[in-house]
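*Asks:* Starting off with a structure, shown below.
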Amino acid sequence: MMILDKIDQLLKEVSQLSAKNADDIEQLRLKYLSKKGEINAVMADFRNVAADQKKAVGIKINELKKAAQDKINSLREQVASADTGDNHEDLTRTPYPIALGTRHPLTIVKNQIIDIFQRMGFTLYHGPEIDDDKHVFTMLNFAADHPARDMQDTFFISQDKSDVTKNVLLRSHTSGDEAHYMETHEPPIRVLCPGRVYRNEAISARAHCFFHQVEGLYVDKGVSFTDLKQVLLTFAREMFGPDTKIRLRPSYFPFTEPSAEMDISCNICGGKGCNFCKHTGWVEILGCGMVDPHDLAACGIDPDVYTGYAFGMGVERITNLKYCVNDLRLFSENDKRFLEEFQSAF
Ligand SMILES: [Zn+2]
């Protein structure tokens, strides 16, 4: 039967259609689906079909119409998706802007501190963050009833009621690294101990439950306070500029004797006086002193032969001064707006 043969032929044609672009598709649409198209021509012949064949032929014609429409639609999708590739693909172009990370300001400043002291001959040592009372307090001459041992100040992991020196805790200062190092090394010792420390404090703009310190220790024959002062002056000038002045004020730490706190001339107002330095022209940056002979002896170093100095500073404190950061919480909140300000720092 002629009309069924024609329909089969068209079905075959339609299934093999292909198109390169939207114009090709429009031509195919006109050829098959328009008023003057092939399918309508078949339908015009429909009236000549014998009555008993009309149903079968009708089904076939509908099948053909649907196949043609589906084919045109799928060609449109193919061309549309290929289009994006053909017209916009540039293999040399990065697919999206790649955000470069930045070093954390505390890392930047810690590395600067390490760099300065390494140039003066200090080596690096990293002590444990989880430590015991013996190294963090006892060997450093903290009295048994010293408030630093209180639960209010230190995070304890386990407490030993029979022997307080066996208490396990999160170190509250890096000074414990001095005990670890002196215990296992012979003088001359010239070591720098950077690290994270923990204190049981409420978090605010000025206090945090964790922060970072760098501890320095020098033990040898004939080490004097003058050596300490010269090293700290060199550090201050390298860190804050060649015009920086320092002053040492008497202070007290259990593990140094004599002890001092060091101020530098305010690097924000240049020493003239501003809100940051409370109009004194000076800001405190670190604590220091001569290692207490008791500590040397506790670590197996003969205090009659050797002397030493130690100093410790807060990395956050130095960073605040260098970059005028006024809220400690910014360092641990991971606010990209804050972190991206340090993109140009090394
Ligand atoms: Zn000032």
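Lettering and numbering for the structure tokens are positional, with chains as A, B, ... in the shown order, residues counted from 1 in each chain, and ligands counted from 1 in the shown order.
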May I ask you to write as a list in words all residues lying at most 7 Å from ligand 1, with only C-alpha atoms and all ligand atoms counted?
*Replies:*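 The neighbouring residues of ligand 1 are, in order, Cys266, Asn267, Ile268, Cys269, Gly270, Gly271, Lys272, Gly273, Cys274, Asn275, Phe276, Cys277, Lys278, His279, Thr280, Gly281 and Trp282 of chain A.
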*Asks:* Give me the residues near Gln159 in chain A as a list in words, where near means some atom within 9 Å (using only C-alpha atoms) and where sequence neighbours in that chain fewer than 5 positions away do not count.
*Replies:*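 The contact residues come out as Val164, Lys166, Asn167, Val168 and Leu169 of chain A.
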*Asks:* As JSON, numbers by chain, please: every residue in range 39-190 of chain A that a backbone DSSP assignment puts in helix (DSSP H, G or I).
*Replies:* {"A": [39, 40, 41, 42, 43, 44, 45, 46, 47, 48, 51, 52, 53, 54, 55, 56, 57, 58, 59, 60, 61, 62, 63, 64, 65, 66, 67, 68, 69, 70, 71, 72, 73, 74, 75, 76, 77, 78, 79, 80, 81, 82, 83, 84, 85, 86, 87, 88, 105, 106, 107, 108, 109, 110, 111, 112, 113, 114, 115, 116, 117, 118, 119, 133, 134, 135, 136, 138, 139, 140, 147, 148, 149, 164, 165, 166, 175, 176, 177, 178, 179, 180, 181, 182, 183, 184]}
*Asks:* In Å, rounded to a single decimal, give me how far CA of Gly216 in chain A is from CA of Val191 in chain A.
*Replies:*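 Result for CA of Val191 in chain A versus CA of Gly216 in chain A: 5.9 Å, one decimal.
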*Asks:* Please determine, counting only C-alpha atoms, which residue among A:Arg247, A:Arg103, A:His180, A:His146 has the shortest atom-to-atom distance to Leu296 in chain A.
*Replies:*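 Closest to Leu296 in chain A, using only C-alpha atoms: A:His180.
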*Asks:* Quick one: residues within 8 Å of range 310-317 of chain A, only C-alpha atoms, excluding same-chain residues fewer than 2 positions away - as a list in words?
*Replies:*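 Final neighbour list, sorted by chain and number: Leu106, Val109, Lys110, Thr174, Ser175, Phe211, His212, Gln213, Val214, Glu215, Gly216, Leu217, Tyr218, Leu228, Thr256, Ile285, Leu286, Gly287, Cys288, Gly289, Met290, Val291, Gly308, Thr319, Asn320, Leu321 and Leu328 of chain A.
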*Asks:* Pick out the residues sitting within 12 Å of Asn62 in chain A, and hand them over as a PyMOL selection string; count only C-alpha atoms, and ignore anything fewer than 2 positions along from it in its own chain.
*Replies:* chain A and resi 7+11+39-40+42-43+46+55-60+64-69
*Asks:* Please, which residues in range 222-296 of chain A fall within 12 Å of range 126-137 of chain A when counting only C-alpha atoms, and what is the closest atom pair and distance in Å to one decimal for each, ordered by chain then residue number, as a tab-separated table?
*Replies:*
```
residue	atom	partner	partner_atom	distance
A:Phe253	CA	A:Phe137	CA	11.5
A:Pro254	CA	A:Phe137	CA	9.0
A:Phe255	CA	A:Phe137	CA	9.0
A:Asp295	CA	A:His135	CA	10.3
```
*Asks:* Could the residues in this selection be written to a file with N, CA, C and O atoms, as an mmCIF file, in the first residue's frame?
*Replies:*
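This went into part_33.cif:
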```cif
data_model
loop_
_atom_site.group_PDB
_atom_site.id
_atom_site.type_symbol
_atom_site.label_atom_id
_atom_site.label_comp_id
_atom_site.auth_asym_id
_atom_site.auth_seq_id
_atom_site.Cartn_x
_atom_site.Cartn_y
_atom_site.Cartn_z
ATOM 1 N N PHE A 253 59.029 37.154 87.755
ATOM 2 C CA PHE A 253 58.552 35.858 87.254
ATOM 3 C C PHE A 253 59.202 34.793 88.125
ATOM 4 O O PHE A 253 60.343 34.974 88.565
ATOM 5 N N PRO A 254 58.503 33.690 88.401
ATOM 6 C CA PRO A 254 59.088 32.672 89.292
ATOM 7 C C PRO A 254 60.390 32.087 88.750
ATOM 8 O O PRO A 254 61.231 31.652 89.513
ATOM 9 N N PHE A 255 60.538 32.068 87.421
ATOM 10 C CA PHE A 255 61.652 31.319 86.834
ATOM 11 C C PHE A 255 62.821 32.175 86.385
ATOM 12 O O PHE A 255 63.765 31.688 85.787
ATOM 13 N N ASP A 295 66.237 26.808 88.554
ATOM 14 C CA ASP A 295 65.761 26.133 87.331
ATOM 15 C C ASP A 295 66.901 25.371 86.655
ATOM 16 O O ASP A 295 66.725 24.248 86.188
#
```
*Asks:* Which one is closest to Pro194 in chain A: A:Phe210, A:Phe235, A:Tyr125, A:Phe155? Count only C-alpha atoms.
*Replies:* A:Tyr125
*Asks:* Tell me which of A:Ile25, A:Val283, A:Met151, A:Ile189 sits closest to Ala80 in chain A, counting only C-alpha atoms.
*Replies:*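 Going through A:Ile25, A:Val283, A:Met151, A:Ile189 one by one, the smallest distance to Ala80 in chain A is for A:Ile25.
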*Asks:* Residues of range 93-256 of chain A in strand (DSSP E or B) according to DSSP, as a ChimeraX atom specification?
*Replies:* /A:123-124,130-132,156-158,168-170,189-198,210-220,246-253,256
*Asks:* Env of range 236-238 of chain A: 10 Å cut, atoms = only C-alpha atoms, seq-sep filter 2 positions within chain, self excluded. Answer as an mmCIF file with C-alpha atoms, in the first residue's frame.
*Replies:*
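File produced: result35.cif:
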```
data_model
loop_
_atom_site.group_PDB
_atom_site.id
_atom_site.type_symbol
_atom_site.label_atom_id
_atom_site.label_comp_id
_atom_site.auth_asym_id
_atom_site.auth_seq_id
_atom_site.Cartn_x
_atom_site.Cartn_y
_atom_site.Cartn_z
ATOM 1 C CA GLN A 112 59.332 37.221 61.297
ATOM 2 C CA ILE A 113 60.223 36.661 64.968
ATOM 3 C CA ILE A 116 65.218 37.566 63.376
ATOM 4 C CA PHE A 117 66.386 35.246 66.162
ATOM 5 C CA GLN A 230 71.490 43.738 73.374
ATOM 6 C CA VAL A 231 69.627 40.790 71.828
ATOM 7 C CA LEU A 232 66.253 42.328 72.698
ATOM 8 C CA LEU A 233 67.253 45.752 71.349
ATOM 9 C CA THR A 234 68.325 44.127 68.078
ATOM 10 C CA PHE A 240 59.557 47.661 64.534
ATOM 11 C CA GLY A 241 62.141 49.768 62.710
ATOM 12 C CA PRO A 242 65.662 51.141 63.340
ATOM 13 C CA ASP A 243 64.458 54.125 65.418
ATOM 14 C CA THR A 244 62.722 51.930 68.006
ATOM 15 C CA LYS A 245 63.824 52.490 71.603
ATOM 16 C CA ILE A 246 63.492 49.972 74.424
ATOM 17 C CA MET A 262 60.402 45.325 78.203
ATOM 18 C CA ASP A 263 58.630 48.275 76.605
ATOM 19 C CA ILE A 264 59.286 49.681 73.160
ATOM 20 C CA SER A 265 58.650 53.252 72.062
ATOM 21 C CA ILE A 285 55.992 43.749 74.470
#
```
*Asks:* Extract, using only C-alpha atoms, all DNA, RNA and protein residues at most 9 Å from Arg76 in chain A, discarding same-chain residues fewer than 3 positions from it, and format them as a ChimeraX atom specification.
*Replies:* /A:19,21-22,25,71-73,79-81
*Asks:* Write the selection just made, keeping all heavy atoms, as a PDB file, in the first residue's frame?
*Replies:*
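Final output, part.pdb:
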```pdb
ATOM      1  N   ALA A  19      21.788  17.905  12.080  1.00  0.00           N
ATOM      2  CA  ALA A  19      21.865  19.340  11.828  1.00  0.00           C
ATOM      3  C   ALA A  19      23.084  19.911  12.503  1.00  0.00           C
ATOM      4  O   ALA A  19      23.489  19.453  13.581  1.00  0.00           O
ATOM      5  CB  ALA A  19      20.611  20.022  12.360  1.00  0.00           C
ATOM      6  N   ASN A  21      23.444  23.425  12.835  1.00  0.00           N
ATOM      7  CA  ASN A  21      23.102  24.685  13.500  1.00  0.00           C
ATOM      8  C   ASN A  21      21.591  24.937  13.408  1.00  0.00           C
ATOM      9  O   ASN A  21      20.848  24.136  12.849  1.00  0.00           O
ATOM     10  CB  ASN A  21      23.880  25.851  12.866  1.00  0.00           C
ATOM     11  CG  ASN A  21      23.707  25.868  11.355  1.00  0.00           C
ATOM     12  OD1 ASN A  21      22.598  25.685  10.855  1.00  0.00           O
ATOM     13  ND2 ASN A  21      24.807  26.042  10.637  1.00  0.00           N
ATOM     14  N   ALA A  22      21.193  26.054  13.968  1.00  0.00           N
ATOM     15  CA  ALA A  22      19.766  26.379  14.057  1.00  0.00           C
ATOM     16  C   ALA A  22      19.133  26.535  12.667  1.00  0.00           C
ATOM     17  O   ALA A  22      17.960  26.186  12.461  1.00  0.00           O
ATOM     18  CB  ALA A  22      19.581  27.652  14.872  1.00  0.00           C
ATOM     19  N   ILE A  25      18.188  23.210  11.251  1.00  0.00           N
ATOM     20  CA  ILE A  25      17.000  22.679  11.929  1.00  0.00           C
ATOM     21  C   ILE A  25      15.732  23.325  11.365  1.00  0.00           C
ATOM     22  O   ILE A  25      14.726  22.660  11.130  1.00  0.00           O
ATOM     23  CB  ILE A  25      17.089  22.909  13.454  1.00  0.00           C
ATOM     24  CG1 ILE A  25      18.274  22.103  14.010  1.00  0.00           C
ATOM     25  CG2 ILE A  25      15.790  22.488  14.144  1.00  0.00           C
ATOM     26  CD1 ILE A  25      18.591  22.405  15.441  1.00  0.00           C
ATOM     27  N   LYS A  71      12.347  14.499  17.016  1.00  0.00           N
ATOM     28  CA  LYS A  71      13.690  14.575  16.417  1.00  0.00           C
ATOM     29  C   LYS A  71      14.151  16.028  16.313  1.00  0.00           C
ATOM     30  O   LYS A  71      15.283  16.365  16.667  1.00  0.00           O
ATOM     31  CB  LYS A  71      13.659  13.933  15.022  1.00  0.00           C
ATOM     32  CG  LYS A  71      15.013  13.835  14.372  1.00  0.00           C
ATOM     33  CD  LYS A  71      15.877  12.796  15.074  1.00  0.00           C
ATOM     34  CE  LYS A  71      17.294  12.789  14.515  1.00  0.00           C
ATOM     35  NZ  LYS A  71      18.134  11.812  15.209  1.00  0.00           N
ATOM     36  N   ILE A  72      13.236  16.891  15.841  1.00  0.00           N
ATOM     37  CA  ILE A  72      13.574  18.322  15.728  1.00  0.00           C
ATOM     38  C   ILE A  72      13.949  18.878  17.106  1.00  0.00           C
ATOM     39  O   ILE A  72      14.952  19.588  17.260  1.00  0.00           O
ATOM     40  CB  ILE A  72      12.376  19.122  15.145  1.00  0.00           C
ATOM     41  CG1 ILE A  72      12.053  18.645  13.720  1.00  0.00           C
ATOM     42  CG2 ILE A  72      12.639  20.626  15.186  1.00  0.00           C
ATOM     43  CD1 ILE A  72      12.969  19.170  12.646  1.00  0.00           C
ATOM     44  N   ASN A  73      13.150  18.525  18.122  1.00  0.00           N
ATOM     45  CA  ASN A  73      13.438  19.016  19.485  1.00  0.00           C
ATOM     46  C   ASN A  73      14.809  18.549  19.967  1.00  0.00           C
ATOM     47  O   ASN A  73      15.566  19.329  20.553  1.00  0.00           O
ATOM     48  CB  ASN A  73      12.369  18.542  20.471  1.00  0.00           C
ATOM     49  CG  ASN A  73      11.044  19.270  20.256  1.00  0.00           C
ATOM     50  OD1 ASN A  73      11.003  20.306  19.572  1.00  0.00           O
ATOM     51  ND2 ASN A  73       9.962  18.726  20.796  1.00  0.00           N
ATOM     52  N   VAL A  79      22.229  21.090  19.334  1.00  0.00           N
ATOM     53  CA  VAL A  79      22.899  22.262  18.783  1.00  0.00           C
ATOM     54  C   VAL A  79      23.102  23.325  19.867  1.00  0.00           C
ATOM     55  O   VAL A  79      24.164  23.950  19.955  1.00  0.00           O
ATOM     56  CB  VAL A  79      22.101  22.830  17.587  1.00  0.00           C
ATOM     57  CG1 VAL A  79      22.622  24.213  17.197  1.00  0.00           C
ATOM     58  CG2 VAL A  79      22.209  21.883  16.405  1.00  0.00           C
ATOM     59  N   ALA A  80      22.096  23.498  20.718  1.00  0.00           N
ATOM     60  CA  ALA A  80      22.204  24.511  21.771  1.00  0.00           C
ATOM     61  C   ALA A  80      23.366  24.186  22.706  1.00  0.00           C
ATOM     62  O   ALA A  80      24.155  25.072  23.058  1.00  0.00           O
ATOM     63  CB  ALA A  80      20.898  24.590  22.565  1.00  0.00           C
ATOM     64  N   SER A  81      23.517  22.917  23.108  1.00  0.00           N
ATOM     65  CA  SER A  81      24.600  22.596  24.049  1.00  0.00           C
ATOM     66  C   SER A  81      25.950  22.626  23.354  1.00  0.00           C
ATOM     67  O   SER A  81      26.938  23.059  23.931  1.00  0.00           O
ATOM     68  CB  SER A  81      24.361  21.245  24.721  1.00  0.00           C
ATOM     69  OG  SER A  81      24.305  20.244  23.730  1.00  0.00           O
TER      70      SER A  81
END
```
*Asks:* Quick one: pull the distance between CA of Pro97 in chain A and CA of Ala82 in chain A, Å, one decimal.
*Replies:* 23.9 Å
